[in-house]
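Engineer: What follows is a single structure, and I will ask about it in a moment.
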Amino acid sequence: MRIEADPKGTLQRIGPVPGDEATWRERLHAAFGTVGDAFALTELDRLITACKLSDGSIDPIRINAVLAAIDGVRPRNELEAMLAAEIAITHGLVIDFLHKAKRAQYLPQLEAQGRLAAKLMRALAGHIELLAKLQRGGEQTVRVEHVHVHAGGQAVVGHVAVGGRG
């Protein structure tokens, strides 16, 4: 994606490389699991806002990295694309907070940055789990390996409840 900003980092233009608009739109739609411009462009705008640096400037490399992560998920619909975007942005925040914790000079700073990183990591894990569940359609796979039942033995496959009324 071509992202142009002025020297202060203010976004001037975002879009395809000249002459490649059809391919750009097709790839943008595929990346966001949608068929229309409205959702893809709105999400792209949200990502740009989320990827701004602390001084408000635009970092094209960061935006393209987030887009690559979303595209790598191969979302099949808008919901999966939203989760993929949240995962990519949250991952960046986790890394930022861990870096801040590493640079902390005082224990309260370290604890605060570490707590925020830990909370974000839990949220990130939950989002990844939800996305995986959506992508597999709620199906679960159970794989059993190396089960040996010797002559005269019995095996039970499934949930076994032990105890009860005595």
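Every chain in the structure tokens takes a letter, A first, then B, and so on in the order presented; its residues are numbered from 1, and the ligands are numbered from 1 following the presented order.
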Would you list the contacts of A:Glu4 as a list in words, taking every protein, DNA or RNA residue within 7 Å and counting only C-alpha atoms, but skipping same-chain residues closer than 6 positions in sequence?
Structural biologist: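 That gives Leu11, Gln12, Arg13 and Ile14 of chain A.
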Engineer: Return as a PyMOL selection string the full set of residues in chain A whose backbone-based DSSP assignment is strand (DSSP E).
Structural biologist: chain A and resi 2-5+11-15
Engineer: For the atom pair atom CA of A:His91 and atom CA of A:Asp59, what is the interatomic distance in Å to one decimal place?
Structural biologist: 16.4 Å
Engineer: Nearest to A:Asp96: which of A:Met121, A:Pro18, A:Asp71, A:His127 is it, counting only C-alpha atoms?
Structural biologist: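 Checking each candidate against A:Asp96, we get A:Met121 as the closest.
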Engineer: Pick out each residue of stretch 3-47 of chain A that DSSP on the backbone tags as helix (DSSP H, G or I); I need them as a list in words.
Structural biologist: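 These are the residues in question: Glu21, Ala22, Thr23, Trp24, Arg25, Glu26, Arg27, Leu28, His29, Ala30, Ala31, Asp37, Ala38, Phe39, Ala40, Leu41, Thr42, Glu43, Leu44, Asp45, Arg46 and Leu47 of chain A.
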Engineer: Tell me, as a list in words, which residues lie within 10 Å of stretch 33-35 of chain A, counting only C-alpha atoms; anything in the same chain fewer than 4 positions away does not count.
Structural biologist: Arg25, Glu26, Arg27, Leu28, His29, Phe39, Ala40, Ile70, Asp71, Val73, Arg74, Pro75, Arg76, Asn77, Glu78, Leu79, Glu80, Ala81 and Met82 of chain A
Engineer: Mind checking which residues fall within 12 Å of A:Ala88, counting only C-alpha atoms, ignoring those fewer than 4 positions away in the same chain, and posting them as a PyMOL selection string?
Structural biologist: chain A and resi 47+50-51+62-73+81-84+92-95+120-121+123-125+127-128
Engineer: Between atom CA of A:Lys102 and atom CA of A:Arg115, what is the distance, to one decimal in Å?
Structural biologist: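 If I compute the distance from atom CA of A:Lys102 to atom CA of A:Arg115, I get 12.6 Å.
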Engineer: Any idea what the distance is between atom CA of A:Ile3 and atom CA of A:Gly15?
Structural biologist: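 Pair atom CA of A:Ile3 / atom CA of A:Gly15 returns 6.7 Å.
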Engineer: Just checking: using only C-alpha atoms, which residue out of A:Ala155, A:Thr141, A:His148, A:Ala5 ends up closest to A:Ser57?
Structural biologist: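 So, comparing all the options, the nearest one is A:Ala5.
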